[in-house]
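J.: Structure in structure tokens, see below.
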Amino acid sequence: MTEDEQKQAAAEKAVEYIEDGMVVGLGTGSCAAKMVDLLGKKVAHGLYVTGVPTSEATAAQARALGIPVVGLDEVGVIDLTIDGTDEVDPEGRLIKGGGGAHLREKIVASLSDKMIVIAEAKKKVARLGAFKLPVEVIRFAAPALKPKLEALGSTPILRQGKDGNPFVTDEGNYIYDCDFGVIDDPEGLALELSTMPGVVEHGLFIGYADLVLIGTDSGVEVIE
Ligand code: 5RP
């Protein structure tokens, strides 16, 4: 199976969990986009759901497919969120934010009764950290935060956009992609980053994933 087919298989399995009437958090990225495409087809065939997108890109995709989308002013609890990931370890801990949407993704996941993570096989890792950890920071603080992120043991690189300027998130912030190497203590690092003034959100998702669906050559691996 190609990586694309693995993503498709995981997305197909995930949409089986979507029931009529649900409020569904819609993730961001290429794997999540496949899930949104599949959901769009179901909606076209009569399924009624309300989508809560985690990025402007996903919102545009969902609207184009006829999926009703709302913001957090219109919903309280989200029944189910389905999102991709950049890494997942055996304990279901994630690194997310490769697409720069982890701030909204974490908020939506935190409001969800259940989070299903979908990915291709290469995202499954023994230990987190080969993927550079995205850390979203407010622009004002960015110069001051670089040495602080270095002091935590990382090599932070300010993410660049396609136009050669710093990448700006949907919430108007910058991202440092931080190379920590293998992350020995994800919980401890998450706490350090969460309590650093100027850091808006980091890409460590600990305790969020309820179910992980990995597309593999031998089918979809389900990790609970
Ligand atoms: C965006 C994310 C994505 O879910 C993550 O980057 C995975 O994306 P893809 O499915 O394209 O590999 O966290 O912020």
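So you can find residues: chains in the structure tokens are A, B, ... in the order shown, residues in each start at 1, and ligands are numbered from 1 in order.
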At a cut-off of 12 Å, using only C-alpha atoms, what residues contact Arg104 in chain A? Leave out same-chain residues fewer than 2 positions from it and give the result as JSON, numbers by chain.
T.: {"A": [25, 26, 27, 28, 52, 53, 54, 55, 56, 58, 71, 72, 81, 83, 96, 97, 99, 100, 101, 102, 106, 107, 108, 109, 110, 111, 136, 169, 170, 171, 172, 200, 201, 202, 203]}
J.: For Asp210 in chain A, work out the shell of residues within 9 Å, counting only C-alpha atoms and skipping chain neighbours fewer than 2 positions away, then give it as a tab-separated table (two decimals) with C-alpha atoms, in the first residue's frame.
T.:
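Saved the output as selection-v7.tsv:
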chain	number	residue	atom	x	y	z
A	92	GLY	CA	-1.06	7.18	22.31
A	114	LYS	CA	-13.85	11.13	21.92
A	115	MET	CA	-10.83	11.69	19.70
A	116	ILE	CA	-9.91	9.29	16.91
A	117	VAL	CA	-6.45	9.72	15.44
A	207	GLY	CA	-4.13	12.04	27.03
A	208	TYR	CA	-6.22	13.14	24.05
A	212	VAL	CA	-5.69	5.38	16.97
A	223	ILE	CA	-4.92	0.87	18.96
A	224	GLU	CA	-7.15	1.57	21.97
J.: Take CA of Val69 in chain A and CA of Asp113 in chain A and report the distance between them in Å, one decimal.
T.: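 It comes out at 18.2 Å.
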J.: Run DSSP on the backbone and grab whatever in range 52-87 of chain A lands in alpha helix (DSSP H); send it over as a ChimeraX atom specification.
T.: /A:56-64
J.: Next, the residues of the selection above should be written as an mmCIF file, in the first residue's frame with C-alpha atoms.
T.:
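Generated output (result33.cif):
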data_model
loop_
_atom_site.group_PDB
_atom_site.id
_atom_site.type_symbol
_atom_site.label_atom_id
_atom_site.label_comp_id
_atom_site.auth_asym_id
_atom_site.auth_seq_id
_atom_site.Cartn_x
_atom_site.Cartn_y
_atom_site.Cartn_z
ATOM 1 C CA GLU A 56 -9.602 27.745 7.875
ATOM 2 C CA ALA A 57 -8.452 25.202 5.270
ATOM 3 C CA THR A 58 -10.657 22.464 6.704
ATOM 4 C CA ALA A 59 -13.570 24.883 7.071
ATOM 5 C CA ALA A 60 -13.307 25.785 3.381
ATOM 6 C CA GLN A 61 -13.102 22.118 2.376
ATOM 7 C CA ALA A 62 -16.105 21.154 4.520
ATOM 8 C CA ARG A 63 -18.235 24.040 3.253
ATOM 9 C CA ALA A 64 -17.397 23.167 -0.352
#
J.: How many Å lie between CA of Asp89 in chain A and CA of Val24 in chain A, rounded to one decimal?
T.: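 Calculated distance between CA of Asp89 in chain A and CA of Val24 in chain A is 24.5 Å.
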J.: Between CA of Gly219 in chain A and CA of Thr2 in chain A, what is the distance, to one decimal in Å?
T.: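 CA of Thr2 in chain A lies 12.2 Å from CA of Gly219 in chain A.
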J.: Would you mind telling me which residue in A:Thr195, A:Gln160, A:Gln6, A:Thr85 lies nearest to ligand 1 when using only C-alpha atoms and all ligand atoms?
T.: A:Thr85
J.: Which residues are near Lys7 in chain A? Cut-off 7 Å, only C-alpha atoms, ignore same chain within fewer than 3 positions. Put them as a list in words.
T.: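 What passes the distance filter is Glu3, Asp4, Ala10, Ala11, Cys31, Ala119, Glu120 and Gly215 of chain A.
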J.: How about saving the chosen residues, N, CA and C atoms kept, as a PDB file, in the first residue's frame?
T.:
ATOM      1  N   GLU A   3       1.561   5.245   0.931  1.00  0.00           N
ATOM      2  CA  GLU A   3       1.181   6.032   2.126  1.00  0.00           C
ATOM      3  C   GLU A   3      -0.209   6.646   1.943  1.00  0.00           C
ATOM      4  N   ASP A   4      -0.479   7.069   0.723  1.00  0.00           N
ATOM      5  CA  ASP A   4      -1.775   7.667   0.433  1.00  0.00           C
ATOM      6  C   ASP A   4      -2.905   6.658   0.668  1.00  0.00           C
ATOM      7  N   ALA A  10      -7.278   4.368   6.754  1.00  0.00           N
ATOM      8  CA  ALA A  10      -7.526   4.832   8.128  1.00  0.00           C
ATOM      9  C   ALA A  10      -8.725   5.780   8.162  1.00  0.00           C
ATOM     10  N   ALA A  11      -8.804   6.649   7.165  1.00  0.00           N
ATOM     11  CA  ALA A  11      -9.920   7.609   7.119  1.00  0.00           C
ATOM     12  C   ALA A  11     -11.249   6.880   6.911  1.00  0.00           C
ATOM     13  N   CYS A  31      -4.398  13.591   5.895  1.00  0.00           N
ATOM     14  CA  CYS A  31      -5.177  12.417   6.314  1.00  0.00           C
ATOM     15  C   CYS A  31      -6.581  12.873   6.737  1.00  0.00           C
ATOM     16  N   ALA A 119      -3.811   7.861  10.733  1.00  0.00           N
ATOM     17  CA  ALA A 119      -2.478   8.110  10.162  1.00  0.00           C
ATOM     18  C   ALA A 119      -2.018   6.933   9.327  1.00  0.00           C
ATOM     19  N   GLU A 120      -0.990   7.192   8.537  1.00  0.00           N
ATOM     20  CA  GLU A 120      -0.307   6.129   7.812  1.00  0.00           C
ATOM     21  C   GLU A 120       0.749   5.514   8.732  1.00  0.00           C
ATOM     22  N   GLY A 215      -3.237   3.025   9.127  1.00  0.00           N
ATOM     23  CA  GLY A 215      -3.292   2.279   7.876  1.00  0.00           C
ATOM     24  C   GLY A 215      -1.975   1.553   7.653  1.00  0.00           C
TER      25      GLY A 215
END
J.: Which of these residues is nearest to ligand 1, using only C-alpha atoms and all ligand atoms: A:Glu105, A:Glu5, A:Gly40, A:Val49?
T.: A:Glu105
J.: When you count only C-alpha atoms and all ligand atoms, which of these residues is closest to ligand 1: A:Leu158, A:Val220, A:Ile175, A:Ala141?
T.: A:Ile175
J.: Would you pick out the contacts of His45 in chain A at 12 Å or less, using only C-alpha atoms, so that residues sharing its chain but fewer than 3 positions from it are not included, and give the list as a list in words?
T.: Asp20, Leu38, Leu39, Gly40, Lys41, Lys42, Tyr48, Val49, Leu65, Gly66 and Ile67 of chain A
J.: Near range 181-186 of chain A, within 9 Å and counting only C-alpha atoms, which residues show up once chain neighbours fewer than 3 positions away are dropped, as an mmCIF file with N, CA and C atoms, in the first residue's frame?
T.:
data_model
loop_
_atom_site.group_PDB
_atom_site.id
_atom_site.type_symbol
_atom_site.label_atom_id
_atom_site.label_comp_id
_atom_site.auth_asym_id
_atom_site.auth_seq_id
_atom_site.Cartn_x
_atom_site.Cartn_y
_atom_site.Cartn_z
ATOM 1 N N ARG A 93 0.483 8.949 22.863
ATOM 2 C CA ARG A 93 0.903 10.354 22.923
ATOM 3 C C ARG A 93 1.276 10.805 21.517
ATOM 4 N N ARG A 127 9.353 6.096 20.124
ATOM 5 C CA ARG A 127 9.498 7.246 21.031
ATOM 6 C C ARG A 127 9.321 8.529 20.232
ATOM 7 N N LEU A 128 8.690 9.517 20.850
ATOM 8 C CA LEU A 128 8.435 10.784 20.168
ATOM 9 C C LEU A 128 9.720 11.587 20.001
ATOM 10 N N GLY A 129 9.772 12.369 18.933
ATOM 11 C CA GLY A 129 10.857 13.346 18.841
ATOM 12 C C GLY A 129 11.599 13.412 17.517
ATOM 13 N N ALA A 130 11.436 12.409 16.652
ATOM 14 C CA ALA A 130 12.098 12.531 15.344
ATOM 15 C C ALA A 130 11.465 13.680 14.561
ATOM 16 N N PHE A 131 10.162 13.856 14.750
ATOM 17 C CA PHE A 131 9.470 14.999 14.133
ATOM 18 C C PHE A 131 9.686 16.214 15.032
ATOM 19 N N LYS A 132 10.089 17.308 14.434
ATOM 20 C CA LYS A 132 10.357 18.521 15.235
ATOM 21 C C LYS A 132 9.067 19.025 15.872
ATOM 22 N N GLY A 153 16.719 22.543 25.659
ATOM 23 C CA GLY A 153 17.407 21.434 24.989
ATOM 24 C C GLY A 153 17.036 21.251 23.534
ATOM 25 N N SER A 154 16.411 22.262 22.950
ATOM 26 C CA SER A 154 16.013 22.098 21.549
ATOM 27 C C SER A 154 16.781 23.030 20.628
ATOM 28 N N CYS A 178 10.824 22.732 16.848
ATOM 29 C CA CYS A 178 11.894 22.512 17.825
ATOM 30 C C CYS A 178 12.416 21.086 17.777
ATOM 31 N N LEU A 189 8.077 17.896 29.520
ATOM 32 C CA LEU A 189 8.303 18.924 28.501
ATOM 33 C C LEU A 189 7.013 19.695 28.222
ATOM 34 N N ALA A 190 5.904 18.970 28.159
ATOM 35 C CA ALA A 190 4.619 19.628 27.906
ATOM 36 C C ALA A 190 4.328 20.654 29.004
ATOM 37 N N LEU A 191 4.628 20.292 30.236
ATOM 38 C CA LEU A 191 4.384 21.216 31.353
ATOM 39 C C LEU A 191 5.297 22.434 31.258
ATOM 40 N N LEU A 204 2.527 18.735 21.616
ATOM 41 C CA LEU A 204 2.411 17.468 22.353
ATOM 42 C C LEU A 204 0.961 17.295 22.797
ATOM 43 N N ILE A 206 -1.114 14.881 24.912
ATOM 44 C CA ILE A 206 -0.973 13.769 25.854
ATOM 45 C C ILE A 206 -2.323 13.553 26.538
#
J.: Write out as a PDB file with C-alpha atoms, in the first residue's frame the set of residues from range 3-126 of chain A that DSSP, computed on the backbone, places in strand (DSSP E).
T.:
ATOM      1  CA  VAL A  23     -21.208  17.178  16.242  1.00  0.00           C
ATOM      2  CA  VAL A  24     -17.859  16.230  14.683  1.00  0.00           C
ATOM      3  CA  GLY A  25     -14.521  17.948  15.129  1.00  0.00           C
ATOM      4  CA  LEU A  26     -12.809  18.046  11.761  1.00  0.00           C
ATOM      5  CA  THR A  50     -22.465  19.429  12.276  1.00  0.00           C
ATOM      6  CA  GLY A  51     -18.757  20.000  11.724  1.00  0.00           C
ATOM      7  CA  VAL A  52     -16.384  21.996  13.892  1.00  0.00           C
ATOM      8  CA  PRO A  53     -13.323  22.659  11.721  1.00  0.00           C
ATOM      9  CA  LEU A  80     -16.228  13.014  18.176  1.00  0.00           C
ATOM     10  CA  THR A  81     -13.109  14.565  16.691  1.00  0.00           C
ATOM     11  CA  ILE A  82     -11.127  12.847  13.955  1.00  0.00           C
ATOM     12  CA  ASP A  83      -7.671  14.209  13.237  1.00  0.00           C
ATOM     13  CA  GLU A  87       3.801  10.993  15.383  1.00  0.00           C
ATOM     14  CA  VAL A  88       2.078   8.599  17.764  1.00  0.00           C
ATOM     15  CA  LEU A  94       1.098  12.533  19.840  1.00  0.00           C
ATOM     16  CA  ILE A  95       3.176  15.176  18.171  1.00  0.00           C
ATOM     17  CA  MET A 115     -10.828  11.686  19.696  1.00  0.00           C
ATOM     18  CA  ILE A 116      -9.908   9.291  16.913  1.00  0.00           C
ATOM     19  CA  VAL A 117      -6.446   9.724  15.439  1.00  0.00           C
ATOM     20  CA  ILE A 118      -5.817   8.538  11.893  1.00  0.00           C
ATOM     21  CA  ALA A 119      -2.478   8.110  10.162  1.00  0.00           C
ATOM     22  CA  GLU A 120      -0.307   6.129   7.812  1.00  0.00           C
TER      23      GLU A 120
END
J.: Looking at A:Gly29, A:Gly198, A:Pro90, A:Gly21, which one is nearest to Ala144 in chain A, with distances taken over only C-alpha atoms?
T.: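 Residue with the minimum atom-to-atom distance to Ala144 in chain A: A:Gly198.
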J.: So that I can check the surroundings of Tyr176 in chain A, please list as a list in words every protein, DNA and RNA residue that reaches within 7 Å of it, counting only C-alpha atoms and ignoring chain neighbours fewer than 3 positions away.
T.: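 In the requested format, the answer is Pro134, Val135, Glu136, Pro156, Ile157, Leu158 and Arg159 of chain A.
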J.: Pick out the closest residue to Ala33 in chain A from this set: A:Glu12, A:Asp179, A:Glu19, A:Glu192. Count only C-alpha atoms.
T.: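 Nearest to Ala33 in chain A: A:Glu12.
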J.: Out of A:Val125, A:Ile18, A:Ala44, A:Met35, which residue has the shortest atom-to-atom distance to ligand 1 when counting only C-alpha atoms and all ligand atoms?
T.: A:Met35
